[in-house]
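**Student:** Below you'll find the structure I mean.
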Amino acid sequence: MIDFHCHVDLYPDPDALLARLRVERHYVLAVTTTPRAWEGTQALVAHTPRVRVALGLHPELVGERHQEVELLCAMLDNARYVGEIGLDGSPPHRASLERQREVFSRILTACSSKGGRILSIHSRGAATGVLDEIEAHPGCGIPILHWFSGTERELDRAIRLGCWFSVGPPMLTTTKGRSLVMRMPRNRILTETDGPFTRRGGEPLAPADVSDALNGIAQLWGNSSGKVEAHIAGNLRALVTRDASNHI
Ligand code: MN
């Protein structure tokens with residue numbers, strides 16, 4: 001299975017999670033929330049195959065840590081994946097939105113100048129702002145909108161702009177989430193958990209819980225979850241083959 005947005009370094013016991021991943025053999029994109037965490041997380045996953053690490057600066061941290069964007073840009077040469085980046089327009093983070101926009105724009109400019117990257121993007125309460133920036137930086141790479149929660153109009157615009165989507169179990173538990181997923185192009189969908197920030201029964205979701213997302217998508221598509229899993233594996237292969245920066 002594929003968990004394309006998981007905060008591996010933020011679990012209470014990351015080593016236990018990684019030991020489990022070595023047995024379960026899932027493909028995981030370990031997103032990070034600061035550039036320094038990218039270095040630490042690379043060391044952490046060094047002995048776990050099929051885990052890749054994305055270089056990030058989480059929009060919720062930009063208010064206090066915006067100066068770290070320079071560090072992120074300096075590390076970009078060695079990063080094929082970038083995330084978690086983006087904008088958060090929800091009430092606790094609205095005050096830093098202008099700063100967030102500057103930082104996000106700076107990161108996308110840097111990605112464009114390096115020939116593009118695979119991007120895992122947060123857009124809660126700010127889908128239009130995120131799409132404005134993606135549109136303004138057409139060479140930034142392949143944007144993957146994680147846990148997209150905008151409107152159908154915003155989704156249609158994201159599709160026109162070439163965005164991909166990573167879909168997790170929580171999206172499939174709401175009527176709105178399900179109708180958004182139903183509208184997404186089937187060849188641009190990946191799965192995710194966003195663990196450990198998503199929980200079930202008090203326990204953080206782990207990459208194996210992507211199975212819940214597969215079951216939910218299978219219901220929507222009228223397919224078996226095994227077929228959906230194979231389809232999404234094919235999507236990931238297409239993504240990494242298409243990506244221009246695959247020499248890294
Ligand atoms: Mn996240």
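Note on naming: chains are A, B, ... as they come in the structure tokens, residues start from 1 per chain, ligands start from 1 in the order shown.
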Within 6 Å of segment 80-90 of chain A, which residues of segment 120-186 of chain A show up? Give each one with its shortest atom-to-atom distance in Å (one decimal) and the two atoms involved, counting only C-alpha atoms, rows by chain then rising residue number, as a tab-separated table.

**Tutor:**
```
residue	atom	partner	partner_atom	distance
A:Ser120	CA	A:Gly83	CA	4.7
A:Ile121	CA	A:Gly86	CA	5.1
A:His122	CA	A:Gly86	CA	4.7
A:Ser123	CA	A:Leu87	CA	5.3
A:Arg124	CA	A:Asp88	CA	5.1
A:Gly125	CA	A:Gly89	CA	4.4
A:Ala126	CA	A:Gly89	CA	5.0
```

**Student:** Using only C-alpha atoms and all ligand atoms, which residues of the polymer chains come no farther than 8 Å from ligand 1? I'd like the answer as an MDAnalysis selection string.

**Tutor:** chainID A and resid 5:7 31 84 122 146 194:195 197

**Student:** Save the residues we just selected, all heavy atoms, as a PDB file, in the first residue's frame?

**Tutor:**
```pdb
ATOM      1  N   HIS A   5       1.553  10.641   2.473  1.00  0.00           N
ATOM      2  CA  HIS A   5       1.670  11.814   3.353  1.00  0.00           C
ATOM      3  C   HIS A   5       1.585  11.326   4.795  1.00  0.00           C
ATOM      4  O   HIS A   5       0.488  11.166   5.346  1.00  0.00           O
ATOM      5  CB  HIS A   5       0.577  12.840   3.054  1.00  0.00           C
ATOM      6  CG  HIS A   5       0.718  14.128   3.822  1.00  0.00           C
ATOM      7  ND1 HIS A   5       1.122  15.319   3.250  1.00  0.00           N
ATOM      8  CD2 HIS A   5       0.528  14.404   5.132  1.00  0.00           C
ATOM      9  CE1 HIS A   5       1.167  16.268   4.160  1.00  0.00           C
ATOM     10  NE2 HIS A   5       0.808  15.743   5.328  1.00  0.00           N
ATOM     11  N   CYS A   6       2.747  11.078   5.381  1.00  0.00           N
ATOM     12  CA  CYS A   6       2.798  10.535   6.739  1.00  0.00           C
ATOM     13  C   CYS A   6       3.948  11.215   7.477  1.00  0.00           C
ATOM     14  O   CYS A   6       5.039  11.351   6.925  1.00  0.00           O
ATOM     15  CB  CYS A   6       3.040   9.023   6.657  1.00  0.00           C
ATOM     16  SG  CYS A   6       3.100   8.211   8.273  1.00  0.00           S
ATOM     17  N   HIS A   7       3.677  11.652   8.711  1.00  0.00           N
ATOM     18  CA  HIS A   7       4.730  12.326   9.499  1.00  0.00           C
ATOM     19  C   HIS A   7       5.473  11.284  10.337  1.00  0.00           C
ATOM     20  O   HIS A   7       5.300  11.212  11.556  1.00  0.00           O
ATOM     21  CB  HIS A   7       4.105  13.400  10.382  1.00  0.00           C
ATOM     22  CG  HIS A   7       3.458  14.502   9.616  1.00  0.00           C
ATOM     23  ND1 HIS A   7       4.123  15.677   9.289  1.00  0.00           N
ATOM     24  CD2 HIS A   7       2.210  14.627   9.088  1.00  0.00           C
ATOM     25  CE1 HIS A   7       3.303  16.472   8.610  1.00  0.00           C
ATOM     26  NE2 HIS A   7       2.143  15.857   8.472  1.00  0.00           N
ATOM     27  N   VAL A  31       6.681  13.091   5.071  1.00  0.00           N
ATOM     28  CA  VAL A  31       6.759  14.555   4.957  1.00  0.00           C
ATOM     29  C   VAL A  31       7.347  15.104   6.256  1.00  0.00           C
ATOM     30  O   VAL A  31       7.273  14.469   7.307  1.00  0.00           O
ATOM     31  CB  VAL A  31       5.367  15.185   4.692  1.00  0.00           C
ATOM     32  CG1 VAL A  31       4.870  14.812   3.301  1.00  0.00           C
ATOM     33  CG2 VAL A  31       4.352  14.783   5.747  1.00  0.00           C
ATOM     34  N   GLU A  84       5.948  18.974   3.957  1.00  0.00           N
ATOM     35  CA  GLU A  84       4.651  19.574   3.738  1.00  0.00           C
ATOM     36  C   GLU A  84       4.812  21.081   3.611  1.00  0.00           C
ATOM     37  O   GLU A  84       5.440  21.716   4.468  1.00  0.00           O
ATOM     38  CB  GLU A  84       3.736  19.217   4.927  1.00  0.00           C
ATOM     39  CG  GLU A  84       2.356  19.801   4.844  1.00  0.00           C
ATOM     40  CD  GLU A  84       1.391  19.110   5.835  1.00  0.00           C
ATOM     41  OE1 GLU A  84       1.821  18.238   6.619  1.00  0.00           O
ATOM     42  OE2 GLU A  84       0.205  19.467   5.792  1.00  0.00           O
ATOM     43  N   HIS A 122      -0.488  21.314   1.505  1.00  0.00           N
ATOM     44  CA  HIS A 122      -1.572  21.533   2.465  1.00  0.00           C
ATOM     45  C   HIS A 122      -2.369  22.756   2.005  1.00  0.00           C
ATOM     46  O   HIS A 122      -1.782  23.764   1.638  1.00  0.00           O
ATOM     47  CB  HIS A 122      -0.884  21.782   3.819  1.00  0.00           C
ATOM     48  CG  HIS A 122      -1.756  22.173   4.964  1.00  0.00           C
ATOM     49  ND1 HIS A 122      -1.952  21.358   6.057  1.00  0.00           N
ATOM     50  CD2 HIS A 122      -2.429  23.318   5.226  1.00  0.00           C
ATOM     51  CE1 HIS A 122      -2.723  21.981   6.934  1.00  0.00           C
ATOM     52  NE2 HIS A 122      -3.038  23.167   6.457  1.00  0.00           N
ATOM     53  N   HIS A 146      -2.848  17.403  -0.639  1.00  0.00           N
ATOM     54  CA  HIS A 146      -3.107  16.409   0.396  1.00  0.00           C
ATOM     55  C   HIS A 146      -4.365  16.816   1.162  1.00  0.00           C
ATOM     56  O   HIS A 146      -4.560  17.991   1.452  1.00  0.00           O
ATOM     57  CB  HIS A 146      -1.846  16.286   1.273  1.00  0.00           C
ATOM     58  CG  HIS A 146      -2.020  16.627   2.709  1.00  0.00           C
ATOM     59  ND1 HIS A 146      -2.538  15.739   3.610  1.00  0.00           N
ATOM     60  CD2 HIS A 146      -1.745  17.755   3.398  1.00  0.00           C
ATOM     61  CE1 HIS A 146      -2.561  16.324   4.805  1.00  0.00           C
ATOM     62  NE2 HIS A 146      -2.101  17.540   4.703  1.00  0.00           N
ATOM     63  N   ASP A 194      -1.785  10.878   6.807  1.00  0.00           N
ATOM     64  CA  ASP A 194      -1.493  12.078   7.606  1.00  0.00           C
ATOM     65  C   ASP A 194      -1.275  11.710   9.083  1.00  0.00           C
ATOM     66  O   ASP A 194      -1.432  12.540   9.963  1.00  0.00           O
ATOM     67  CB  ASP A 194      -2.578  13.157   7.477  1.00  0.00           C
ATOM     68  CG  ASP A 194      -2.070  14.559   7.840  1.00  0.00           C
ATOM     69  OD1 ASP A 194      -0.837  14.754   7.919  1.00  0.00           O
ATOM     70  OD2 ASP A 194      -2.906  15.446   8.062  1.00  0.00           O
ATOM     71  N   GLY A 195      -0.894  10.451   9.349  1.00  0.00           N
ATOM     72  CA  GLY A 195      -0.557  10.075  10.716  1.00  0.00           C
ATOM     73  C   GLY A 195       0.690  10.811  11.172  1.00  0.00           C
ATOM     74  O   GLY A 195       1.494  11.209  10.331  1.00  0.00           O
ATOM     75  N   PHE A 197      -1.323  12.547  13.031  1.00  0.00           N
ATOM     76  CA  PHE A 197      -2.316  13.579  13.375  1.00  0.00           C
ATOM     77  C   PHE A 197      -3.748  13.104  13.181  1.00  0.00           C
ATOM     78  O   PHE A 197      -4.685  13.748  13.628  1.00  0.00           O
ATOM     79  CB  PHE A 197      -2.054  14.852  12.575  1.00  0.00           C
ATOM     80  CG  PHE A 197      -0.713  15.436  12.894  1.00  0.00           C
ATOM     81  CD1 PHE A 197       0.291  15.494  11.947  1.00  0.00           C
ATOM     82  CD2 PHE A 197      -0.436  15.881  14.180  1.00  0.00           C
ATOM     83  CE1 PHE A 197       1.544  16.001  12.260  1.00  0.00           C
ATOM     84  CE2 PHE A 197       0.817  16.384  14.506  1.00  0.00           C
ATOM     85  CZ  PHE A 197       1.805  16.443  13.541  1.00  0.00           C
TER      86      PHE A 197
END
```

**Student:** Please indicate the distance in Å from atom CA of Ala208 of chain A to atom CA of Gly222 of chain A, rounded to one decimal place.

**Tutor:**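 Between these atoms lies a distance of 22.0 Å.
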
**Student:** For Gly139 of chain A, which residue out of A:Thr241, A:Thr32, A:Ser224, A:Ser113 is the nearest one, using only C-alpha atoms?

**Tutor:**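 Among the listed residues, the smallest separation from Gly139 of chain A belongs to A:Ser113.
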
**Student:** Name the closest residue to Glu68 of chain A among the candidates A:Ser225, A:Thr109, A:Ser166, A:Thr33; distances are taken between atoms, counting only C-alpha atoms.

**Tutor:**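 Result for the nearest residue to Glu68 of chain A: A:Thr33.
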
**Student:** Applying 7 Å and only C-alpha atoms, which residues near segment 61-67 of chain A remain after dropping the ones on its own chain fewer than 2 positions away? List them as a list in words.

**Tutor:** His58, Pro59, Val69, Glu70, Ser96, Arg99, Gln100 and Val103 of chain A

**Student:** Just list as a ChimeraX atom specification whatever in segment 80-157 of chain A DSSP marks as strand (DSSP E).

**Tutor:** /A:81-86,117-122,141-146

**Student:** Name the residues in contact with segment 11-28 of chain A at a cut-off of 12 Å, using only C-alpha atoms, excluding same-chain residues fewer than 2 positions from it; report them as number ranges by chain.

**Tutor:** A: 1-9, 30-31, 40-41, 43-54, 81, 190-199, 203-211, 229, 232-233, 236-237

**Student:** Run DSSP on the backbone and tell me which residues of segment 85-135 of chain A come out as helix (DSSP H, G or I); list them as an NGL selection string.

**Tutor:** :A and (91-113 or 127-135)

**Student:** Could you write those residues out with N, CA and C atoms, as a compact mmCIF listing (two decimals), in the first residue's frame?

**Tutor:**
```txt
# COMPACT_ATOMS: atom_id res chain seq x y z
N PRO A 91 -8.82 29.64 11.27
CA PRO A 91 -8.69 30.76 12.21
C PRO A 91 -7.38 30.84 13.01
N PRO A 92 -6.82 29.75 13.52
CA PRO A 92 -5.59 29.91 14.32
C PRO A 92 -4.39 30.41 13.50
N HIS A 93 -4.44 30.27 12.18
CA HIS A 93 -3.26 30.58 11.36
C HIS A 93 -3.51 31.69 10.33
N ARG A 94 -4.72 32.23 10.36
CA ARG A 94 -5.08 33.24 9.36
C ARG A 94 -4.18 34.47 9.46
N ALA A 95 -3.75 34.80 10.67
CA ALA A 95 -2.95 36.02 10.88
C ALA A 95 -1.63 35.97 10.12
N SER A 96 -1.10 34.78 9.89
CA SER A 96 0.20 34.69 9.19
C SER A 96 0.04 34.41 7.70
N LEU A 97 -1.19 34.53 7.19
CA LEU A 97 -1.45 34.10 5.81
C LEU A 97 -0.61 34.85 4.77
N GLU A 98 -0.42 36.14 4.99
CA GLU A 98 0.40 36.92 4.02
C GLU A 98 1.83 36.38 4.00
N ARG A 99 2.36 36.16 5.20
CA ARG A 99 3.71 35.59 5.33
C ARG A 99 3.76 34.19 4.71
N GLN A 100 2.74 33.41 4.99
CA GLN A 100 2.67 32.05 4.41
C GLN A 100 2.72 32.11 2.88
N ARG A 101 2.00 33.09 2.33
CA ARG A 101 1.97 33.22 0.87
C ARG A 101 3.37 33.56 0.32
N GLU A 102 4.06 34.46 0.98
CA GLU A 102 5.43 34.81 0.55
C GLU A 102 6.33 33.58 0.57
N VAL A 103 6.24 32.82 1.67
CA VAL A 103 7.11 31.64 1.83
C VAL A 103 6.76 30.58 0.78
N PHE A 104 5.48 30.32 0.59
CA PHE A 104 5.04 29.30 -0.37
C PHE A 104 5.48 29.70 -1.78
N SER A 105 5.30 30.98 -2.11
CA SER A 105 5.70 31.47 -3.42
C SER A 105 7.21 31.33 -3.62
N ARG A 106 7.96 31.64 -2.58
CA ARG A 106 9.43 31.52 -2.64
C ARG A 106 9.84 30.07 -2.88
N ILE A 107 9.18 29.14 -2.20
CA ILE A 107 9.52 27.72 -2.36
C ILE A 107 9.18 27.26 -3.79
N LEU A 108 8.01 27.67 -4.29
CA LEU A 108 7.63 27.25 -5.64
C LEU A 108 8.56 27.86 -6.69
N THR A 109 8.99 29.09 -6.47
CA THR A 109 9.96 29.72 -7.38
C THR A 109 11.25 28.91 -7.39
N ALA A 110 11.72 28.53 -6.20
CA ALA A 110 12.96 27.75 -6.10
C ALA A 110 12.79 26.40 -6.78
N CYS A 111 11.63 25.75 -6.58
CA CYS A 111 11.39 24.45 -7.22
C CYS A 111 11.41 24.61 -8.75
N SER A 112 10.81 25.68 -9.25
CA SER A 112 10.81 25.93 -10.70
C SER A 112 12.23 26.08 -11.21
N SER A 113 13.04 26.80 -10.46
CA SER A 113 14.41 27.06 -10.93
C SER A 113 15.24 25.78 -10.94
N ALA A 127 -7.71 26.95 -0.28
CA ALA A 127 -7.52 26.26 -1.56
C ALA A 127 -7.31 27.25 -2.71
N THR A 128 -8.10 28.34 -2.72
CA THR A 128 -7.95 29.29 -3.83
C THR A 128 -6.57 29.93 -3.81
N GLY A 129 -6.09 30.30 -2.62
CA GLY A 129 -4.74 30.88 -2.51
C GLY A 129 -3.66 29.92 -2.98
N VAL A 130 -3.80 28.66 -2.61
CA VAL A 130 -2.83 27.65 -3.05
C VAL A 130 -2.85 27.52 -4.57
N LEU A 131 -4.06 27.49 -5.15
CA LEU A 131 -4.16 27.32 -6.61
C LEU A 131 -3.64 28.56 -7.34
N ASP A 132 -3.84 29.74 -6.76
CA ASP A 132 -3.28 30.96 -7.36
C ASP A 132 -1.75 30.83 -7.47
N GLU A 133 -1.13 30.34 -6.40
CA GLU A 133 0.34 30.21 -6.41
C GLU A 133 0.80 29.13 -7.39
N ILE A 134 0.08 28.02 -7.42
CA ILE A 134 0.45 26.95 -8.37
C ILE A 134 0.34 27.47 -9.80
N GLU A 135 -0.72 28.22 -10.06
CA GLU A 135 -0.91 28.77 -11.41
C GLU A 135 0.20 29.76 -11.76
```

**Student:** Hey, what's within 8 Å of segment 170-177 of chain A if we count only C-alpha atoms and toss same-chain stuff fewer than 2 positions away? As a count of residues only, please?

**Tutor:** 11

**Student:** How many Å separate atom CA of Leu57 of chain A from atom CA of Arg200 of chain A?

**Tutor:** 26.3 Å

**Student:** At what distance in Å, to one decimal, does atom CA of Ala218 of chain A lie from atom CA of Pro185 of chain A?

**Tutor:**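 Result for atom CA of Pro185 of chain A versus atom CA of Ala218 of chain A: 14.3 Å, one decimal.
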
**Student:** Give me the residues near Leu72 of chain A as a PyMOL selection string, where near means some atom within 9 Å (using only C-alpha atoms) and where sequence neighbours in that chain fewer than 6 positions away do not count.

**Tutor:** chain A and resi 34-36+55-57+107
